[in-house]
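Colleague: The file below is query31.txt, compact mmCIF, C-alpha atoms:
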```txt
# COMPACT_ATOMS: atom_id res chain seq x y z
CA MET A 981 39.86 132.51 119.94
CA SER A 982 39.05 133.87 123.40
CA GLU A 983 37.70 131.60 126.11
CA SER A 984 33.91 131.75 126.14
CA LYS A 985 32.13 133.82 128.77
CA ILE A 986 28.94 132.40 130.26
CA VAL A 987 25.85 134.61 130.36
CA ASP A 988 23.41 132.82 132.66
CA ALA A 989 19.89 133.98 131.81
CA CYS A 990 18.04 130.88 133.00
CA ASN A 991 14.66 131.46 134.63
CA THR A 992 14.43 135.14 133.81
CA TYR A 993 11.49 136.91 132.21
CA CYS A 994 12.60 140.52 132.44
CA PRO A 995 14.93 141.71 131.02
CA GLY A 996 15.17 138.22 129.49
CA PRO A 997 17.87 136.19 127.73
CA LEU A 998 18.28 138.18 124.50
CA MET A 999 18.46 141.50 126.38
CA GLU A 1000 21.11 139.96 128.66
CA LEU A 1001 23.10 138.74 125.65
CA ILE A 1002 22.94 142.11 123.84
CA THR A 1003 24.07 143.90 127.02
CA HIS A 1004 27.09 141.61 127.37
CA MET A 1005 27.90 141.70 123.64
CA LYS A 1006 28.11 145.50 123.75
CA ARG A 1007 30.82 145.30 126.39
CA ALA A 1008 32.69 142.40 124.75
CA LYS A 1009 35.66 142.78 122.42
CA VAL A 1010 35.67 141.69 118.77
CA GLY A 1011 36.51 137.97 118.73
CA ASP A 1012 35.09 137.26 122.21
CA VAL A 1013 32.84 134.21 122.48
CA LEU A 1014 29.76 134.35 124.71
CA GLU A 1015 27.69 131.33 125.72
CA LEU A 1016 24.10 132.21 126.62
CA LEU A 1017 22.26 129.84 128.96
CA SER A 1018 18.50 130.14 128.62
CA THR A 1019 15.43 128.21 129.71
CA ASP A 1020 13.25 130.27 127.34
CA LYS A 1021 12.34 128.08 124.36
CA GLY A 1022 12.04 131.24 122.25
CA SER A 1023 15.78 131.89 122.56
CA ALA A 1024 16.59 129.19 119.98
CA ASN A 1025 14.96 131.40 117.32
CA ASP A 1026 15.23 134.91 118.80
CA VAL A 1027 18.97 134.87 119.39
CA PRO A 1028 20.07 133.72 115.88
CA GLU A 1029 17.76 136.32 114.30
CA TRP A 1030 19.45 139.16 116.22
CA VAL A 1031 22.97 137.73 115.84
CA THR A 1032 22.54 137.55 112.05
CA LYS A 1033 21.03 141.03 111.76
CA ALA A 1034 23.72 142.57 113.99
CA GLY A 1035 26.47 140.92 111.94
CA HIS A 1036 27.91 138.62 114.60
CA ASP A 1037 28.65 134.88 114.28
CA MET A 1038 26.43 132.06 115.51
CA LEU A 1039 28.72 129.24 116.65
CA GLY A 1040 26.17 126.76 117.89
CA SER A 1041 22.92 126.09 119.67
CA GLU A 1042 22.25 123.02 121.77
CA LYS A 1043 19.62 122.00 124.31
CA VAL A 1044 21.04 120.17 127.32
CA GLY A 1045 18.26 119.05 129.65
CA GLU A 1046 16.01 122.09 130.02
CA VAL A 1047 18.72 124.62 129.18
CA TRP A 1048 19.63 126.07 125.79
CA HIS A 1049 23.37 126.69 125.32
CA ILE A 1050 23.82 129.25 122.54
CA LYS A 1051 27.34 130.24 121.50
CA VAL A 1052 27.98 133.53 119.75
CA ARG A 1053 31.13 135.35 118.63
CA LYS A 1054 31.35 139.13 118.46
CA ALA A 1055 32.39 139.87 114.89
CA ARG A 1056 32.51 143.67 114.74
CA MET B 896 27.25 143.05 165.85
CA ARG B 897 27.77 146.00 163.51
CA ILE B 898 25.44 146.16 160.49
CA LEU B 899 26.26 148.74 157.84
CA VAL B 900 23.84 149.70 155.03
CA VAL B 901 25.40 151.65 152.18
CA GLY B 902 22.74 153.45 150.13
CA GLY B 903 19.54 155.21 151.16
CA GLY B 904 17.33 154.42 148.15
CA THR B 905 14.32 152.11 148.09
CA GLY B 906 16.19 148.87 148.84
CA GLY B 907 18.51 150.24 151.54
CA THR B 908 15.75 152.14 153.33
CA ILE B 909 13.22 149.28 153.38
CA LEU B 910 15.94 146.86 154.50
CA ALA B 911 17.19 149.12 157.30
CA ASN B 912 13.70 149.90 158.65
CA ASN B 913 12.56 146.28 158.48
CA LEU B 914 15.75 145.15 160.18
CA ALA B 915 15.50 147.84 162.89
CA ARG B 916 12.03 146.62 163.84
CA ARG B 917 13.03 142.95 163.82
CA LEU B 918 16.08 143.69 165.95
CA SER B 919 14.62 146.35 168.27
CA ALA B 920 15.54 144.42 171.42
CA GLU B 921 19.07 143.91 170.18
CA THR B 922 19.57 147.58 169.19
CA ASP B 923 18.04 148.76 172.52
CA SER B 924 20.45 146.56 174.46
CA GLY B 925 23.43 147.65 172.36
CA LYS B 926 24.03 144.12 171.03
CA VAL B 927 23.41 145.35 167.48
CA ARG B 928 24.41 148.66 165.95
CA LEU B 929 22.68 149.63 162.71
CA THR B 930 24.23 152.37 160.53
CA MET B 931 23.22 153.79 157.14
CA LEU B 932 25.48 155.81 154.87
CA SER B 933 23.91 157.72 151.98
CA ALA B 934 24.99 160.25 149.38
CA SER B 935 21.97 162.47 150.01
CA ASP B 936 19.86 163.82 152.88
CA ARG B 937 16.81 163.51 150.58
CA HIS B 938 14.96 160.44 149.31
CA MET B 939 13.49 160.59 145.81
CA TYR B 940 10.44 158.64 144.60
CA GLN B 941 12.00 157.86 141.24
CA PRO B 942 8.89 156.52 139.41
CA GLY B 943 7.45 160.03 139.83
CA LEU B 944 9.93 161.37 137.29
CA LEU B 945 7.76 160.06 134.44
CA TYR B 946 4.90 162.24 135.74
CA VAL B 947 7.23 165.24 136.06
CA ALA B 948 8.18 164.84 132.39
CA PHE B 949 4.50 165.23 131.47
CA GLY B 950 3.70 168.03 133.93
CA GLN B 951 1.56 165.79 136.13
CA MET B 952 3.73 166.09 139.25
CA SER B 953 6.07 168.88 140.36
CA PRO B 954 9.62 167.94 141.37
CA ASP B 955 9.15 168.89 145.03
CA GLN B 956 6.45 166.20 145.31
CA LEU B 957 9.11 163.52 144.68
CA TYR B 958 11.16 164.11 147.82
CA ARG B 959 11.11 163.45 151.55
CA ASP B 960 13.78 164.08 154.14
CA GLN B 961 15.65 160.75 154.38
CA ALA B 962 16.12 160.95 158.18
CA SER B 963 12.34 161.29 158.59
CA LEU B 964 11.82 157.91 156.87
CA LEU B 965 14.14 155.95 159.17
CA GLU B 966 13.48 154.11 162.43
CA PRO B 967 15.09 155.94 165.37
CA ALA B 968 17.50 153.06 166.02
CA ILE B 969 19.21 153.63 162.65
CA GLU B 970 22.30 155.84 162.85
CA PHE B 971 22.18 157.87 159.64
CA HIS B 972 25.06 159.76 158.02
CA VAL B 973 25.13 161.71 154.77
CA ASP B 974 28.62 160.58 153.89
CA PRO B 975 28.94 158.43 150.75
CA VAL B 976 31.41 155.56 150.60
CA GLU B 977 34.55 156.37 148.64
CA GLN B 978 36.24 153.01 149.08
CA PHE B 979 35.09 149.50 149.95
CA GLN B 980 37.82 147.60 151.84
CA LEU B 981 36.07 144.22 151.91
CA ASP B 982 39.21 142.32 152.91
CA GLN B 983 39.28 144.37 156.13
CA ASN B 984 35.48 144.47 156.67
CA ARG B 985 35.37 148.24 156.48
CA VAL B 986 34.57 151.19 154.22
CA LYS B 987 36.09 154.64 153.91
CA THR B 988 33.75 157.59 153.32
CA ALA B 989 34.01 160.93 151.54
CA SER B 990 34.67 162.68 154.87
CA GLY B 991 37.57 160.29 155.51
CA LYS B 992 35.83 158.28 158.25
CA ILE B 993 36.26 154.53 158.53
CA HIS B 994 33.19 152.39 159.28
CA GLU B 995 33.84 148.78 160.27
CA TYR B 996 31.15 146.13 159.97
CA ASP B 997 30.28 142.52 160.69
CA MET B 998 27.58 142.49 157.99
CA LEU B 999 27.46 144.90 155.04
CA VAL B 1000 24.59 145.68 152.65
CA ILE B 1001 25.44 147.44 149.39
CA ALA B 1002 22.44 149.18 147.82
CA THR B 1003 24.00 152.05 145.91
CA GLY B 1004 21.71 151.84 142.87
CA SER B 1005 22.36 152.74 139.26
CA ARG B 1006 22.81 155.81 137.06
CA MET B 1007 22.02 156.61 133.46
CA VAL B 1008 25.07 156.94 131.20
CA PRO B 1009 23.79 158.62 128.02
CA ASN B 1010 27.35 159.67 127.16
CA GLU B 1011 28.07 156.02 126.31
CA THR B 1012 26.06 156.59 123.10
CA PRO B 1013 27.70 159.33 121.00
CA GLY B 1014 25.35 162.28 120.44
CA LEU B 1015 22.60 161.01 122.76
CA THR B 1016 23.12 163.58 125.53
CA GLU B 1017 22.96 166.44 123.03
CA GLY B 1018 20.17 165.03 120.90
CA ALA B 1019 17.68 163.34 123.20
CA GLU B 1020 15.32 163.99 126.09
CA PHE B 1021 15.29 161.71 129.17
CA PHE B 1022 13.34 161.49 132.41
CA TYR B 1023 15.74 159.64 134.73
CA THR B 1024 16.80 162.69 136.78
CA GLU B 1025 14.86 165.71 138.02
CA GLU B 1026 16.81 168.02 135.72
CA SER B 1027 16.31 165.87 132.60
CA ALA B 1028 12.61 165.26 133.34
CA MET B 1029 12.00 169.03 133.63
CA LYS B 1030 13.94 169.62 130.41
CA MET B 1031 11.84 166.96 128.67
CA PHE B 1032 8.64 168.59 129.93
CA ARG B 1033 9.69 172.01 128.57
CA ARG B 1034 10.59 170.41 125.22
CA LEU B 1035 7.22 168.62 125.03
CA ARG B 1036 5.40 171.88 125.76
CA GLU B 1037 7.21 173.60 122.88
CA PHE B 1038 6.68 170.74 120.42
CA GLN B 1039 4.09 171.54 117.78
CA GLY B 1040 4.31 168.43 115.61
CA GLY B 1041 6.60 166.14 113.63
CA LYS B 1042 8.35 162.82 114.13
CA VAL B 1043 8.83 161.53 117.68
CA ALA B 1044 11.23 158.60 118.05
CA ILE B 1045 11.53 156.55 121.24
CA VAL B 1046 14.83 154.67 121.49
CA VAL B 1047 16.05 152.25 124.14
CA GLY B 1048 19.56 151.53 125.48
CA LEU B 1049 20.66 148.41 127.37
CA PRO B 1050 20.66 147.75 130.23
CA HIS B 1051 18.19 150.24 131.66
CA LYS B 1052 16.33 150.97 134.86
CA CYS B 1053 12.58 150.25 134.85
CA PRO B 1054 12.03 147.95 131.85
CA ILE B 1055 8.41 149.00 131.60
CA ALA B 1056 9.36 152.66 131.04
CA PRO B 1057 9.63 152.43 127.22
CA VAL B 1058 5.99 151.38 126.77
CA GLU B 1059 4.75 153.69 129.53
CA VAL B 1060 6.36 156.77 128.00
CA THR B 1061 4.97 155.81 124.59
CA PHE B 1062 1.39 155.59 125.86
CA SER B 1063 1.89 158.81 127.81
CA LEU B 1064 3.18 160.63 124.71
CA HIS B 1065 0.08 159.57 122.79
CA ASP B 1066 -2.26 160.82 125.54
CA TYR B 1067 -0.24 164.01 126.06
CA PHE B 1068 -0.35 165.08 122.41
CA LYS B 1069 -4.01 164.04 122.19
CA SER B 1070 -4.85 166.24 125.18
CA ARG B 1071 -3.12 169.17 123.49
CA GLY B 1072 -5.13 168.56 120.31
CA ILE B 1073 -2.08 167.97 118.13
CA ARG B 1074 -1.95 164.17 118.01
CA ASP B 1075 -2.75 164.26 114.27
CA LYS B 1076 0.37 166.38 113.72
CA VAL B 1077 2.66 163.92 115.56
CA GLN B 1078 4.06 160.64 114.22
CA ILE B 1079 5.22 158.42 117.08
CA LYS B 1080 7.63 155.59 116.32
CA TYR B 1081 9.01 153.17 118.93
CA TYR B 1082 12.34 151.39 118.50
CA TYR B 1083 13.22 148.36 120.67
CA PRO B 1084 16.39 146.24 121.03
CA ILE B 1085 14.93 142.73 120.67
CA ASN B 1086 12.55 141.12 118.20
CA ARG B 1087 9.29 142.07 119.92
CA ILE B 1088 8.19 145.36 121.48
CA HIS B 1089 8.86 144.38 125.10
CA SER B 1090 11.16 141.98 126.88
CA ILE B 1091 8.19 140.31 128.64
CA GLU B 1092 6.38 138.26 126.01
CA ASN B 1093 2.93 138.86 127.52
CA VAL B 1094 3.55 142.61 127.68
CA ALA B 1095 4.59 142.54 124.02
CA LYS B 1096 1.45 140.55 123.10
CA TRP B 1097 -0.74 143.10 124.86
CA ALA B 1098 1.08 146.26 123.75
CA THR B 1099 1.40 145.38 120.03
CA PRO B 1100 -2.33 145.72 119.19
CA GLU B 1101 -2.56 148.69 121.59
CA PHE B 1102 0.17 150.47 119.61
CA LYS B 1103 -1.75 149.74 116.40
CA ARG B 1104 -4.97 151.06 117.94
CA ILE B 1105 -3.39 154.40 118.91
CA GLY B 1106 -1.34 154.75 115.74
CA VAL B 1107 2.15 154.12 117.11
CA GLU B 1108 4.55 152.55 114.62
CA TYR B 1109 7.39 150.34 115.80
CA GLU B 1110 10.65 148.79 114.67
CA THR B 1111 12.37 145.96 116.54
CA LEU B 1112 15.99 144.75 116.63
CA PHE B 1113 17.16 148.36 116.94
CA ASN B 1114 20.11 148.98 119.29
CA MET B 1115 21.41 152.55 119.37
CA ARG B 1116 24.95 153.05 118.10
CA GLU B 1117 25.13 156.84 117.71
CA VAL B 1118 23.03 159.94 117.22
CA ASP B 1119 23.70 162.32 114.33
CA VAL B 1120 22.41 165.42 116.10
CA GLU B 1121 22.82 167.77 113.15
CA ASN B 1122 20.73 165.63 110.79
CA LYS B 1123 18.46 164.25 113.54
CA ILE B 1124 19.14 160.59 112.84
CA VAL B 1125 19.76 157.70 115.25
CA LYS B 1126 21.93 154.95 113.72
CA SER B 1127 21.58 151.42 115.02
CA GLU B 1128 24.06 148.59 115.52
CA GLU B 1129 21.94 146.60 113.07
CA GLY B 1130 22.46 149.15 110.27
CA SER B 1131 19.06 150.89 110.27
CA GLU B 1132 18.24 154.54 110.98
CA ALA B 1133 15.62 156.39 112.98
CA HIS B 1134 14.73 159.91 111.80
CA TYR B 1135 13.27 162.28 114.36
CA ASP B 1136 12.23 165.82 115.19
CA LEU B 1137 11.95 164.94 118.89
CA LEU B 1138 14.02 162.11 120.35
CA ILE B 1139 12.97 160.46 123.61
CA ALA B 1140 15.58 158.03 124.98
CA ILE B 1141 15.73 155.39 127.65
CA PRO B 1142 19.51 155.62 128.14
CA GLU B 1143 21.90 152.83 129.02
CA HIS B 1144 22.51 152.45 132.76
CA ARG B 1145 25.42 151.36 134.91
CA GLY B 1146 26.04 150.78 138.58
CA MET B 1147 27.68 153.52 140.65
CA GLU B 1148 31.23 154.60 139.92
CA VAL B 1149 32.59 153.49 143.31
CA ILE B 1150 31.52 149.90 142.55
CA GLU B 1151 33.41 149.96 139.23
CA ARG B 1152 36.41 151.80 140.72
CA ASP B 1153 36.81 149.28 143.53
CA LYS B 1154 36.36 146.41 141.05
CA LEU B 1155 33.41 144.93 142.94
CA GLY B 1156 31.58 144.22 139.70
CA GLU B 1157 31.80 144.76 135.95
CA ASP B 1158 29.97 147.95 134.90
CA GLY B 1159 29.07 148.54 138.53
CA TRP B 1160 26.86 145.43 138.88
CA ILE B 1161 28.00 143.22 141.77
CA PRO B 1162 27.95 139.42 141.26
CA THR B 1163 25.16 138.30 143.59
CA ASP B 1164 23.76 134.93 144.65
CA ARG B 1165 20.25 134.65 143.17
CA GLN B 1166 18.62 133.24 146.30
CA LYS B 1167 20.80 134.38 149.24
CA LEU B 1168 21.47 137.90 147.85
CA SER B 1169 25.03 137.64 149.16
CA MET B 1170 27.94 138.97 147.16
CA VAL B 1171 29.66 136.05 145.44
CA GLY B 1172 32.74 135.15 147.50
CA HIS B 1173 31.74 137.30 150.51
CA ASP B 1174 29.31 135.64 152.93
CA ASN B 1175 28.95 138.74 155.14
CA VAL B 1176 28.28 141.16 152.25
CA PHE B 1177 24.79 141.43 150.75
CA VAL B 1178 23.59 143.27 147.67
CA LEU B 1179 20.20 144.82 146.89
CA GLY B 1180 18.27 146.29 144.00
CA ASP B 1181 19.87 147.79 140.91
CA THR B 1182 23.37 147.12 142.32
CA THR B 1183 23.07 143.34 141.80
CA ASN B 1184 23.98 141.59 138.56
CA LEU B 1185 20.85 139.43 138.89
CA PRO B 1186 18.87 138.85 135.68
CA VAL B 1187 15.81 140.56 137.16
CA SER B 1188 14.31 143.98 136.43
CA LYS B 1189 16.17 147.00 137.77
CA THR B 1190 13.18 148.48 139.60
CA GLY B 1191 12.21 149.68 143.04
CA SER B 1192 9.85 146.72 143.18
CA ALA B 1193 12.64 144.15 142.88
CA ALA B 1194 14.64 146.08 145.49
CA HIS B 1195 11.58 146.09 147.78
CA PHE B 1196 10.99 142.33 147.65
CA GLU B 1197 14.70 141.58 147.94
CA ALA B 1198 14.93 143.87 150.98
CA GLU B 1199 12.10 142.07 152.76
CA VAL B 1200 13.78 138.69 152.28
CA LEU B 1201 17.20 140.00 153.23
CA ALA B 1202 15.94 141.78 156.37
CA GLU B 1203 14.35 138.56 157.59
CA ASN B 1204 17.52 136.62 156.83
CA MET B 1205 19.90 139.11 158.45
CA ALA B 1206 17.71 139.28 161.57
CA SER B 1207 17.73 135.48 161.65
CA ILE B 1208 21.50 135.39 161.32
CA VAL B 1209 21.71 137.65 164.41
CA LYS B 1210 19.11 135.66 166.37
CA ILE B 1211 19.69 132.02 165.37
CA GLY B 1212 22.87 132.12 163.30
CA THR B 1213 21.37 131.20 159.93
CA PRO B 1214 19.21 132.72 157.14
CA VAL B 1215 15.71 131.32 156.75
CA ARG B 1216 14.42 132.33 153.30
CA ASP B 1217 15.42 132.43 149.65
CA TYR B 1218 14.63 135.31 147.28
CA ASP B 1219 12.44 133.83 144.53
CA GLY B 1220 12.92 136.62 141.97
CA LYS B 1221 9.60 138.30 142.77
CA VAL B 1222 8.86 141.56 140.94
CA TYR B 1223 5.58 143.51 140.73
CA CYS B 1224 5.42 146.38 138.26
CA PHE B 1225 2.59 148.78 137.59
CA ILE B 1226 2.20 149.53 133.88
CA GLU B 1227 0.63 152.89 133.03
CA ALA B 1228 -1.24 152.41 129.74
CA GLY B 1229 -1.70 156.15 129.21
CA HIS B 1230 -3.00 158.85 131.52
CA ASP B 1231 -6.13 157.07 132.72
CA ARG B 1232 -5.60 153.29 132.49
CA ALA B 1233 -3.06 150.87 133.95
CA THR B 1234 -2.29 147.20 134.45
CA TYR B 1235 0.50 145.31 136.18
CA ALA B 1236 3.05 142.54 135.72
CA MET B 1237 3.93 140.18 138.55
CA PHE B 1238 6.47 137.39 138.11
CA ASN B 1239 9.36 135.53 139.70
CA TYR B 1240 12.15 133.21 138.56
CA PHE B 1241 9.68 130.44 137.76
CA ASN B 1242 6.35 132.03 136.81
CA PRO B 1243 5.96 134.43 133.89
CA PRO B 1244 3.66 137.44 134.23
CA ASP B 1245 0.02 136.92 133.31
CA LEU B 1246 -1.11 140.34 132.12
CA LYS B 1247 -4.66 141.58 132.85
CA PRO B 1248 -6.47 144.11 130.61
CA PRO B 1249 -5.72 147.72 131.65
CA SER B 1250 -8.38 149.43 133.76
CA LYS B 1251 -9.12 152.80 135.33
CA PRO B 1252 -9.16 151.41 138.92
CA MET B 1253 -5.63 150.04 138.44
CA HIS B 1254 -4.52 153.51 137.30
CA TRP B 1255 -6.14 155.04 140.38
CA PHE B 1256 -4.32 152.46 142.52
CA LYS B 1257 -1.04 153.50 140.89
CA VAL B 1258 -1.81 157.17 141.59
CA ALA B 1259 -2.57 156.22 145.20
CA TYR B 1260 0.64 154.18 145.39
CA ASN B 1261 2.60 157.29 144.40
CA GLN B 1262 1.70 158.50 147.93
CA MET B 1263 1.61 155.08 149.61
CA TYR B 1264 5.27 154.66 148.63
CA TRP B 1265 6.24 156.69 151.67
CA THR B 1266 4.58 154.08 153.86
CA SER B 1267 6.16 151.30 151.83
CA VAL B 1268 9.68 152.68 152.10
CA ARG B 1269 9.31 152.92 155.87
CA GLY B 1270 8.87 149.15 155.69
CA LEU B 1271 5.26 149.28 156.87
CA LEU B 1272 3.46 148.20 153.67
```
When written as structure tokens, how does the structure in this file appear?
Modeller:
Amino acid sequence: MSESKIVDACNTYCPGPLMELITHMKRAKVGDVLELLSTDKGSANDVPEWVTKAGHDMLGSEKVGEVWHIKVRKAR
Amino acid sequence: MRILVVGGGTGGTILANNLARRLSAETDSGKVRLTMLSASDRHMYQPGLLYVAFGQMSPDQLYRDQASLLEPAIEFHVDPVEQFQLDQNRVKTASGKIHEYDMLVIATGSRMVPNETPGLTEGAEFFYTEESAMKMFRRLREFQGGKVAIVVGLPHKCPIAPVEVTFSLHDYFKSRGIRDKVQIKYYYPINRIHSIENVAKWATPEFKRIGVEYETLFNMREVDVENKIVKSEEGSEAHYDLLIAIPEHRGMEVIERDKLGEDGWIPTDRQKLSMVGHDNVFVLGDTTNLPVSKTGSAAHFEAEVLAENMASIVKIGTPVRDYDGKVYCFIEAGHDRATYAMFNYFNPPDLKPPSKPMHWFKVAYNQMYWTSVRGLL
């Protein structure tokens, strides 16, 4: 497994955390792991919904302090 | 002290003018030398391209002579940078000249890259260049009815553009008396119809009111031009007779070539606007990798902060302000109403209902921009 790449989308409203994640996922290679950092409480639901629909793998979601850490692996 | 500004767009021009006024005594005395390098002798008001695509502005109205916008103390050269040699504090230009600096500002902007999506260039209309906006206008004029699909690539310049073009399409076809012959469907990458939650909350019922359908979680993978179908990464399809696209964007090629930042976006400190790892290099506008909108507005507010800080570095040896992520975007809600979104790193936008006066203000701002870019507004 590749080392995870951090996508820091804390305190951003536009383009926002999911847009940032999708942008980085497009450029990633299959097998790459990305860790999204988000202060948007909606990310805990929005991100898994897209990851599932796009056919990638959700590896974990955890809130540390005010920041959500959401790990995703590019699967295709 | 040699200050070099690379890029003559919104951010670079506001920064240079603001800095020239703050440092007038220093430039008069020869203590500071301020130089701008740009790829063009003309300055384009890029938000005007949306109006060109709908025949509401002509292309010549978008331009001013770049030299005419600059303070006299700014030495201006149309000579784009071919190579950044940051380890030697210098750049090499297309003409082969070397410009050395003590402080460098990189504000080279972004470009659409529709070729990154197979079939998009051949199949879609855009409005991110003069040529493409004129082509889109001609296509709209010819269109007599059918399915219009609006698709969105990531990342893109002007995040409000997808909803603005949708409202404009509705009003355009209505004004031609063929709205009942046109089905407009809007496709968006995330699970609501705009990245800003409050914009999505406002625009969703507006779309319903004007009969615009939408599908979310749709990221373009390829366009089947022959069969007029856009296929998404998520496995769905968009069928169209007329395809309007907000294409994916990247930073400029020289940034990628010199490995200053992945995809042409330079790693930038959120508050200081300095390039990560280079305290005497600053980055503005679309060129940054900041998680803020790629808009002239962000470039404008960044430039004001950076000009104050760079002037302070010259005068007292230290910057004095942090950039707080401020962005202010007009939102055209059709051809006669508008609203706006204002936000920063800590405060989300609180959207007001669209109004005619706000639209008139936007129309006025299309001219006031030339005052703004001189750093006066």
Colleague: What is the atom CA of B:Gly1229-atom CA of B:Phe1256 distance in Å, reported with one decimal?
Modeller: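 Straight-line distance from atom CA of B:Gly1229 to atom CA of B:Phe1256 works out to 14.1 Å.
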Colleague: Per residue of chain A within 7 Å of chain B, record the nearest atom pair and its distance in Å to one decimal, counting all atoms listed in the file, with rows in chain order and ascending residue number, as a Markdown table.
Modeller:
```
| residue | atom | partner | partner_atom | distance |
| --- | --- | --- | --- | --- |
| A:Ala989 | CA | B:Pro1186 | CA | 6.3 |
| A:Asn991 | CA | B:Tyr1240 | CA | 5.0 |
| A:Thr992 | CA | B:Tyr1240 | CA | 5.6 |
| A:Tyr993 | CA | B:Ile1091 | CA | 5.9 |
| A:Cys994 | CA | B:Ser1188 | CA | 5.6 |
| A:Pro995 | CA | B:Ser1090 | CA | 5.6 |
| A:Gly996 | CA | B:Ser1090 | CA | 6.1 |
| A:Leu998 | CA | B:Ile1085 | CA | 6.8 |
| A:Met999 | CA | B:Ile1085 | CA | 6.8 |
| A:Thr1003 | CA | B:Leu1049 | CA | 5.7 |
| A:Asp1026 | CA | B:Asn1086 | CA | 6.8 |
| A:Trp1030 | CA | B:Leu1112 | CA | 6.6 |
| A:Lys1033 | CA | B:Glu1129 | CA | 5.8 |
| A:Ala1034 | CA | B:Glu1129 | CA | 4.5 |
```
Colleague: Keeping C-alpha atoms, export the residues of the selection given above as a PDB file, in the coordinates of the input.
Modeller:
```pdb
ATOM      1  CA  ALA A 989      19.890 133.980 131.810  1.00  0.00           C
ATOM      2  CA  ASN A 991      14.660 131.460 134.630  1.00  0.00           C
ATOM      3  CA  THR A 992      14.430 135.140 133.810  1.00  0.00           C
ATOM      4  CA  TYR A 993      11.490 136.910 132.210  1.00  0.00           C
ATOM      5  CA  CYS A 994      12.600 140.520 132.440  1.00  0.00           C
ATOM      6  CA  PRO A 995      14.930 141.710 131.020  1.00  0.00           C
ATOM      7  CA  GLY A 996      15.170 138.220 129.490  1.00  0.00           C
ATOM      8  CA  LEU A 998      18.280 138.180 124.500  1.00  0.00           C
ATOM      9  CA  MET A 999      18.460 141.500 126.380  1.00  0.00           C
ATOM     10  CA  THR A1003      24.070 143.900 127.020  1.00  0.00           C
ATOM     11  CA  ASP A1026      15.230 134.910 118.800  1.00  0.00           C
ATOM     12  CA  TRP A1030      19.450 139.160 116.220  1.00  0.00           C
ATOM     13  CA  LYS A1033      21.030 141.030 111.760  1.00  0.00           C
ATOM     14  CA  ALA A1034      23.720 142.570 113.990  1.00  0.00           C
TER      15      ALA A1034
END
```
Colleague: Find the residues near B:Leu1272: any atom within 12 Å, counting all atoms listed in the file, skip ones fewer than 3 places away on the same chain, and give them as a list of chain:residue names.
Modeller: B:Ile909, B:Asn912, B:Asn913, B:His1195, B:Phe1196, B:Glu1199, B:Tyr1260, B:Gln1262, B:Met1263, B:Tyr1264, B:Trp1265, B:Thr1266, B:Ser1267, B:Val1268, B:Arg1269
Colleague: Using atom CA of B:Asn1175 and atom CA of B:Tyr1218 as the two end points, give the distance in Å to one decimal.
Modeller: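 Going from atom CA of B:Asn1175 over to atom CA of B:Tyr1218 covers 16.7 Å.
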Colleague: Starting from the point (-2.7, 149.2, 131.4), work out which residues of protein, DNA or RNA have an atom no more than 7 Å away when counting all atoms listed in the file; state them as a list in words.
Modeller: Ile1226, Glu1227, Ala1228, Arg1232, Ala1233, Thr1234, Tyr1235, Pro1248, Pro1249 and Ser1250 of chain B
Colleague: Those same residues - C-alpha atoms - I'd like them written as a JSON list (two decimals), keeping the file's coordinate frame.
Modeller:
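File produced: result.json:
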```json
[["chain", "number", "residue", "atom", "x", "y", "z"],
["B", 1226, "ILE", "CA", 2.20, 149.53, 133.88],
["B", 1227, "GLU", "CA", 0.63, 152.89, 133.03],
["B", 1228, "ALA", "CA", -1.24, 152.41, 129.74],
["B", 1232, "ARG", "CA", -5.60, 153.29, 132.49],
["B", 1233, "ALA", "CA", -3.06, 150.87, 133.95],
["B", 1234, "THR", "CA", -2.29, 147.20, 134.45],
["B", 1235, "TYR", "CA", 0.50, 145.31, 136.18],
["B", 1248, "PRO", "CA", -6.47, 144.11, 130.61],
["B", 1249, "PRO", "CA", -5.72, 147.72, 131.65],
["B", 1250, "SER", "CA", -8.38, 149.43, 133.76]]
```
Colleague: Please compute the atom CA of B:Phe1021-atom CA of B:Ile1141 distance, one decimal, in Å.
Modeller: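 One can read the atom CA of B:Phe1021 to atom CA of B:Ile1141 distance as 6.5 Å.
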Colleague: Step by step: start from the point (34.1, 133.0, 120.8) in the file's coordinates, keep every protein, DNA or RNA residue that has an atom no farther than 8 Å from it, count only C-alpha atoms, and write the set as a list of chain:residue names.
Modeller: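 With a cut-off of 8 Å, the residues come to A:Met981, A:Ser982, A:Glu983, A:Ser984, A:Gly1011, A:Asp1012, A:Val1013, A:Leu1014, A:Leu1039, A:Lys1051, A:Val1052, A:Arg1053, A:Lys1054.
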Colleague: Can you tell me, as a list in words, what residues are no more than 12 Å from A:Glu1046 when counting all atoms listed in the file, ignoring any on the same chain fewer than 2 positions away?
Modeller: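 Answer for this query is Cys990, Asn991, Leu1017, Ser1018, Thr1019, Asp1020, Lys1021, Glu1042, Lys1043, Val1044, Trp1048 and His1049 of chain A.
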Colleague: Build an axis-aligned box that encloses every atom of stretch 1014-1025 of chain A listed in the file, pad it by 4 Å on each side, and report its centre and edge lengths in Å to one decimal, as AutoDock Vina command-line options.
Modeller:
```
--center_x 20.9 --center_y 131.2 --center_z 123.5 --size_x 25.7 --size_y 14.3 --size_z 20.4
```
Colleague: Would you kindly return, as a ChimeraX atom specification, each protein, DNA or RNA residue with an atom no farther than 10 Å from any atom of stretch 976-990 of chain B, considering only C-alpha atoms and excluding same-chain residues fewer than 5 positions away?
Modeller: /B:899,901-902,932-934,995-999,1001,1003,1148-1150,1152-1155,1173,1175-1176
